[in-house]
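**Student:** One structure, pasted below without further comment.
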Amino acid sequence: MAKGNARKAGKATNDTSKKANKAGNGTSLGFEAQLFLAADKLRKNLEPSDYKHVALGLIFLRYISIAFEARHAALFKDDPAAAEDRDEYLAENVFWVPKKARWSHLQANARQPTIGKLIDEAMAAIESSNDSLKGVLPKDYNRPALDKVMLGELIDLVSGIALGDPDDKARDILGRVYEYFLGGFAGSEGKRGGEFYTPQSVVRVLVGMLEPYKGRVYDPCCGSGGMFVQSEKFVESHGGKLGDIAIYGQESNYTTWRLAKMNLAVRGIEADIRWNNEGSFHKDELKDLRFDYILANPPFNVSDWGGERLREDARWVYGAPPVGNANYAWLQHILWHLAPNGTAGVVLAACRTEVWELRDEGKDG
């Protein structure tokens with residue numbers, strides 16, 4: 001890795017949640033694992049690919065409700081009228097949560113047969129009140145195939161996460177739970193899970209090698225945003241703060257893009273994540289930008305990437321990539337977007353060294 005180079009439960013209740021909290025109070029992997037197992041038992045015959053949106057959507061809703069309630073309490077103490085002023089929340093980067101979307105309202109109605117409809121209405125209300133969440137949240141909890149008793153039990157389970165913890169710690173725990181659940185669902189989906197999730201061990205290695213302290217970070221196929229979450233963790237663990245790095249990404253799968261937006265939101269991370277169904281090769285949303293750090297885990301050995309339509313593309317400085325394999329195209333796309341002293345970390349399938357080893361003398365310094 002060098003500068004300018006691209007190498008490569010039966011029943012789940014609050015008791016279950018409290019027991020998990022008692023086991024580690026959010027400080028151990030066992031805590032997240034217990035929660036995931038409890039939530040997975042509620043899944044019954046629902047496919048993991050469907051259930052992940054159900055569970056992750058509720059975790060997200062609980063997270064933003066905690067942040068909202070903390071801000072609401074602080075405002076109400078000084079000025080009750082200000083506590084209902086939407087702009088007071090947006091100014092502090094806190095999502096505005098309308099009354100009917102607040103977690104306390106959903107929790108109180110968790111056992112009602114209309115809970116699916118209430119959750120859908122809550123998600124729609126949050127989207128309409130927060131521009132950055134438009135088109136992001138799941139809104140199909142009222143579909144007939146979704147067991148409403150299971151939904152109520154899942155709300156009870158999520159309600160118990162970080163119960164009694166200070167607001168900041170509760171939000172951190174929910175962020176960790178969201179991230180753990182993403183990995184758990186990816187494992188359940190097998191090969192398909194790799195389309196939206198890169199294992200944390202791999203991400204940590206890449207981020208540790210690149211050391212993105214400050215500057216622009218980019219992922220051209222960002223999946224659920226794990227590279228960005230780990231980059232922010234790296235910055236904070238080395239004495240930096242949120243905002244020291246500017247995050248940019250692109251994703252061609254709309255459902256995965258939504259997961260990324262929620263994943264970053266529960267971590268309080270602002271980012272410019274673009275979506276279009278043509279992808280980074282055919283509609284590069286950030287074509288004029290160059291980045292200090294690029295982290296990527298592109299899909300391996302894609303044969304139908306439309307390379308025949310891009311024979312004369314300006315990005316192919318080292319020659320046109322093979323039409324039948326996108327690996328070489330990914331590397332050149334990444335090099336094209338590197339700043340003069342930029343560094344890239346890329347996960348790719350094993351390949352012939354003389355073909356994939358690239359060195360740009362102008363960027364290598």
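The way I read the labels, and the way they are meant: chains A, B, ... in the order of the structure tokens, residue 1 as the first residue of every chain, and ligand 1 as the first ligand shown, with later ones counted on from there.
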Using only C-alpha atoms, find each residue of region 250-297 of chain A with at least one atom at most 12 Å away from an atom of region 137-143 of chain A; report its shortest atom-to-atom pair and that distance in Å (one decimal), sort the rows by chain and rising residue number, and return the result as a Markdown table.

**Tutor:**
```
| residue | atom | partner | partner_atom | distance |
| --- | --- | --- | --- | --- |
| A:Tyr254 | CA | A:Leu137 | CA | 11.5 |
| A:Thr255 | CA | A:Pro138 | CA | 9.4 |
| A:Thr256 | CA | A:Leu137 | CA | 11.5 |
| A:Trp257 | CA | A:Leu137 | CA | 10.7 |
| A:Arg258 | CA | A:Leu137 | CA | 7.0 |
| A:Leu259 | CA | A:Leu137 | CA | 8.6 |
| A:Ala260 | CA | A:Leu137 | CA | 11.0 |
| A:Lys261 | CA | A:Leu137 | CA | 9.1 |
| A:Met262 | CA | A:Leu137 | CA | 7.8 |
| A:Asn263 | CA | A:Leu137 | CA | 11.4 |
| A:Ala265 | CA | A:Leu137 | CA | 11.5 |
```

**Student:** Next, the residues of the selection above should be written as a compact mmCIF listing (two decimals), in the first residue's frame with all heavy atoms.

**Tutor:**
```txt
# COMPACT_ATOMS: atom_id res chain seq x y z
N TYR A 254 -30.19 0.88 -4.71
CA TYR A 254 -30.98 1.84 -3.95
C TYR A 254 -31.22 1.38 -2.51
O TYR A 254 -31.11 2.16 -1.55
CB TYR A 254 -32.32 2.08 -4.65
CG TYR A 254 -33.21 3.08 -3.96
CD1 TYR A 254 -32.84 4.42 -3.87
CD2 TYR A 254 -34.42 2.69 -3.39
CE1 TYR A 254 -33.66 5.34 -3.23
CE2 TYR A 254 -35.24 3.60 -2.75
CZ TYR A 254 -34.86 4.93 -2.68
OH TYR A 254 -35.66 5.83 -2.05
N THR A 255 -31.53 0.09 -2.34
CA THR A 255 -31.79 -0.44 -1.01
C THR A 255 -30.54 -0.34 -0.14
O THR A 255 -30.61 0.02 1.04
CB THR A 255 -32.25 -1.90 -1.10
OG1 THR A 255 -33.45 -1.96 -1.87
CG2 THR A 255 -32.52 -2.48 0.27
N THR A 256 -29.38 -0.65 -0.72
CA THR A 256 -28.12 -0.56 0.02
C THR A 256 -27.78 0.89 0.35
O THR A 256 -27.28 1.20 1.44
CB THR A 256 -26.99 -1.21 -0.80
OG1 THR A 256 -27.35 -2.57 -1.08
CG2 THR A 256 -25.68 -1.19 -0.06
N TRP A 257 -28.05 1.79 -0.58
CA TRP A 257 -27.83 3.23 -0.33
C TRP A 257 -28.64 3.69 0.88
O TRP A 257 -28.14 4.45 1.72
CB TRP A 257 -28.24 4.02 -1.58
CG TRP A 257 -28.27 5.50 -1.41
CD1 TRP A 257 -27.20 6.37 -1.44
CD2 TRP A 257 -29.44 6.32 -1.19
NE1 TRP A 257 -27.64 7.66 -1.25
CE2 TRP A 257 -28.99 7.67 -1.10
CE3 TRP A 257 -30.80 6.04 -1.07
CZ2 TRP A 257 -29.88 8.73 -0.90
CZ3 TRP A 257 -31.68 7.09 -0.86
CH2 TRP A 257 -31.22 8.41 -0.77
N ARG A 258 -29.85 3.20 1.01
CA ARG A 258 -30.69 3.56 2.16
C ARG A 258 -30.06 3.04 3.45
O ARG A 258 -30.06 3.75 4.48
CB ARG A 258 -32.09 2.98 1.98
CG ARG A 258 -32.90 3.67 0.88
CD ARG A 258 -34.12 2.86 0.49
NE ARG A 258 -34.96 2.57 1.63
CZ ARG A 258 -35.89 1.61 1.64
NH1 ARG A 258 -36.05 0.83 0.58
NH2 ARG A 258 -36.63 1.41 2.71
N LEU A 259 -29.54 1.83 3.43
CA LEU A 259 -28.87 1.29 4.62
C LEU A 259 -27.68 2.15 5.01
O LEU A 259 -27.43 2.40 6.20
CB LEU A 259 -28.39 -0.15 4.35
CG LEU A 259 -29.45 -1.25 4.28
CD1 LEU A 259 -28.79 -2.57 3.92
CD2 LEU A 259 -30.19 -1.38 5.61
N ALA A 260 -26.92 2.59 4.01
CA ALA A 260 -25.75 3.44 4.28
C ALA A 260 -26.17 4.76 4.92
O ALA A 260 -25.54 5.23 5.88
CB ALA A 260 -24.98 3.70 2.99
N LYS A 261 -27.21 5.37 4.40
CA LYS A 261 -27.67 6.64 4.96
C LYS A 261 -28.08 6.49 6.42
O LYS A 261 -27.76 7.34 7.26
CB LYS A 261 -28.85 7.17 4.13
CG LYS A 261 -28.49 7.55 2.69
CD LYS A 261 -27.90 8.92 2.60
CE LYS A 261 -28.93 10.00 2.74
NZ LYS A 261 -28.36 11.36 2.51
N MET A 262 -28.77 5.40 6.74
CA MET A 262 -29.17 5.18 8.13
C MET A 262 -27.97 4.84 9.00
O MET A 262 -27.86 5.30 10.15
CB MET A 262 -30.23 4.07 8.21
CG MET A 262 -31.59 4.47 7.67
SD MET A 262 -32.91 3.31 8.12
CE MET A 262 -32.43 1.86 7.16
N ASN A 263 -27.07 4.03 8.47
CA ASN A 263 -25.88 3.63 9.22
C ASN A 263 -25.05 4.84 9.64
O ASN A 263 -24.58 4.94 10.77
CB ASN A 263 -25.03 2.67 8.37
CG ASN A 263 -23.91 2.01 9.16
OD1 ASN A 263 -23.96 1.92 10.39
ND2 ASN A 263 -22.91 1.53 8.45
N ALA A 265 -26.18 7.95 9.81
CA ALA A 265 -26.99 8.82 10.67
C ALA A 265 -26.95 8.38 12.13
O ALA A 265 -26.88 9.22 13.03
CB ALA A 265 -28.43 8.86 10.18
```

**Student:** Extract, using only C-alpha atoms, all DNA, RNA and protein residues at most 9 Å from Glu84 (chain A), discarding same-chain residues fewer than 4 positions from it, and format them as a PyMOL selection string.

**Tutor:** chain A and resi 72+75-76+80+88

**Student:** Which of region 54-255 of chain A counts as alpha helix (DSSP H) under DSSP, as number ranges by chain please?

**Tutor:** A: 54-78, 86-90, 103-108, 115-129, 148-159, 167-189, 200-210, 226-237, 254-255

**Student:** Atoms to include: C-alpha atoms. Write the selected residues as a tab-separated table (two decimals), in the first residue's frame.

**Tutor:**
```tsv
chain	number	residue	atom	x	y	z
A	54	VAL	CA	-37.63	-4.32	9.70
A	55	ALA	CA	-35.13	-4.57	12.56
A	56	LEU	CA	-32.67	-1.92	11.40
A	57	GLY	CA	-35.45	0.56	10.73
A	58	LEU	CA	-36.69	0.25	14.32
A	59	ILE	CA	-33.17	0.58	15.76
A	60	PHE	CA	-32.72	3.72	13.69
A	61	LEU	CA	-36.04	5.11	14.90
A	62	ARG	CA	-35.11	4.46	18.53
A	63	TYR	CA	-31.74	6.17	18.00
A	64	ILE	CA	-33.14	9.40	16.58
A	65	SER	CA	-35.86	9.43	19.24
A	66	ILE	CA	-33.26	9.33	22.03
A	67	ALA	CA	-31.32	12.20	20.42
A	68	PHE	CA	-34.54	14.15	19.93
A	69	GLU	CA	-35.79	13.61	23.49
A	70	ALA	CA	-32.46	14.75	24.95
A	71	ARG	CA	-32.60	17.98	22.95
A	72	HIS	CA	-36.31	18.39	23.74
A	73	ALA	CA	-35.67	18.13	27.49
A	74	ALA	CA	-32.87	20.71	27.35
A	75	LEU	CA	-34.99	23.17	25.38
A	76	PHE	CA	-38.12	22.64	27.46
A	77	LYS	CA	-36.26	23.53	30.64
A	78	ASP	CA	-35.50	27.02	29.33
A	86	ARG	CA	-38.19	22.27	14.45
A	87	ASP	CA	-35.36	24.66	13.60
A	88	GLU	CA	-33.95	24.39	17.13
A	89	TYR	CA	-33.19	20.72	16.42
A	90	LEU	CA	-31.92	21.00	12.88
A	103	TRP	CA	-40.66	6.17	20.23
A	104	SER	CA	-42.77	6.58	23.37
A	105	HIS	CA	-45.91	6.68	21.20
A	106	LEU	CA	-44.95	3.52	19.30
A	107	GLN	CA	-43.90	1.70	22.45
A	108	ALA	CA	-47.25	2.50	24.08
A	115	ILE	CA	-48.80	-1.09	15.03
A	116	GLY	CA	-47.60	-1.71	11.45
A	117	LYS	CA	-49.63	1.24	10.19
A	118	LEU	CA	-48.40	3.43	13.05
A	119	ILE	CA	-44.75	2.66	12.26
A	120	ASP	CA	-45.25	3.41	8.56
A	121	GLU	CA	-46.88	6.72	9.45
A	122	ALA	CA	-44.00	7.51	11.82
A	123	MET	CA	-41.38	6.82	9.14
A	124	ALA	CA	-43.26	8.94	6.58
A	125	ALA	CA	-43.61	11.81	9.07
A	126	ILE	CA	-39.88	11.76	9.85
A	127	GLU	CA	-38.98	11.78	6.15
A	128	SER	CA	-41.29	14.71	5.45
A	129	SER	CA	-39.70	16.69	8.30
A	148	LYS	CA	-47.85	-7.68	13.97
A	149	VAL	CA	-47.30	-9.64	17.21
A	150	MET	CA	-43.67	-10.09	16.16
A	151	LEU	CA	-43.43	-6.34	15.50
A	152	GLY	CA	-44.66	-5.56	18.99
A	153	GLU	CA	-42.16	-7.95	20.55
A	154	LEU	CA	-39.36	-6.45	18.46
A	155	ILE	CA	-40.30	-2.97	19.68
A	156	ASP	CA	-40.11	-4.26	23.25
A	157	LEU	CA	-36.68	-5.71	22.55
A	158	VAL	CA	-35.35	-2.51	20.98
A	159	SER	CA	-36.87	-0.46	23.82
A	167	ASP	CA	-28.23	9.79	26.33
A	168	ASP	CA	-24.74	9.96	24.79
A	169	LYS	CA	-23.91	6.43	25.87
A	170	ALA	CA	-27.31	5.15	24.74
A	171	ARG	CA	-26.77	6.58	21.26
A	172	ASP	CA	-23.31	5.03	21.07
A	173	ILE	CA	-24.68	1.64	22.10
A	174	LEU	CA	-27.46	1.82	19.50
A	175	GLY	CA	-24.88	2.71	16.85
A	176	ARG	CA	-22.87	-0.37	17.82
A	177	VAL	CA	-25.98	-2.54	17.79
A	178	TYR	CA	-26.94	-1.26	14.33
A	179	GLU	CA	-23.46	-2.08	13.03
A	180	TYR	CA	-23.48	-5.54	14.63
A	181	PHE	CA	-26.90	-6.31	13.17
A	182	LEU	CA	-25.70	-5.28	9.71
A	183	GLY	CA	-22.91	-7.83	9.98
A	184	GLY	CA	-25.24	-10.47	11.37
A	185	PHE	CA	-27.74	-10.10	8.56
A	186	ALA	CA	-24.93	-10.09	5.97
A	187	GLY	CA	-23.75	-13.42	7.38
A	188	SER	CA	-27.29	-14.81	7.20
A	189	GLU	CA	-27.60	-13.81	3.55
A	200	GLN	CA	-15.09	-5.20	10.12
A	201	SER	CA	-11.74	-7.00	10.34
A	202	VAL	CA	-11.03	-6.16	6.68
A	203	VAL	CA	-12.20	-2.58	7.06
A	204	ARG	CA	-10.04	-2.04	10.15
A	205	VAL	CA	-6.94	-3.26	8.30
A	206	LEU	CA	-7.54	-0.89	5.37
A	207	VAL	CA	-8.27	2.11	7.57
A	208	GLY	CA	-5.31	1.34	9.84
A	209	MET	CA	-2.97	1.28	6.85
A	210	LEU	CA	-4.24	4.49	5.27
A	226	GLY	CA	-18.76	0.57	6.87
A	227	MET	CA	-15.55	2.13	5.50
A	228	PHE	CA	-16.79	5.55	6.56
A	229	VAL	CA	-17.84	4.49	10.06
A	230	GLN	CA	-14.43	2.93	10.68
A	231	SER	CA	-12.65	6.01	9.30
A	232	GLU	CA	-14.49	8.23	11.77
A	233	LYS	CA	-13.67	5.81	14.59
A	234	PHE	CA	-10.00	6.04	13.62
A	235	VAL	CA	-10.06	9.83	13.70
A	236	GLU	CA	-11.76	9.95	17.11
A	237	SER	CA	-9.45	7.30	18.61
A	254	TYR	CA	-30.98	1.84	-3.95
A	255	THR	CA	-31.79	-0.44	-1.01
```

**Student:** So which residues touch region 293-298 of chain A within 9 Å, counting only C-alpha atoms, skipping near sequence neighbours fewer than 5 positions away, as JSON, numbers by chain?

**Tutor:** {"A": [195, 198, 203, 206, 207, 210, 211, 212, 215, 216, 217, 218, 219, 220, 221, 222, 223, 227, 228, 327, 330, 334, 335, 337, 338, 339, 342, 343, 344, 345, 346, 347, 348]}

**Student:** Need to verify the contact set: Lys214 (chain A), 9 Å, only C-alpha atoms, exclusion of same-chain residues closer than 6 positions in sequence. Can you return it as a PyMOL selection string?

**Tutor:** chain A and resi 235+240+243-246+292

**Student:** If we count only C-alpha atoms and set the cut-off at 9 Å, which residues sit around region 302-308 of chain A, ignoring sequence neighbours fewer than 2 positions away in its own chain? Please answer as a list of chain:residue names.

**Tutor:**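 In the requested form, the answer reads A:Phe281, A:His282, A:Pro299, A:Phe300, A:Leu310, A:Arg311, A:Ala320, A:Pro321, A:Pro322, A:Val323, A:Gly324, A:Asn325, A:Ala326, A:Asn327, A:Ala329.
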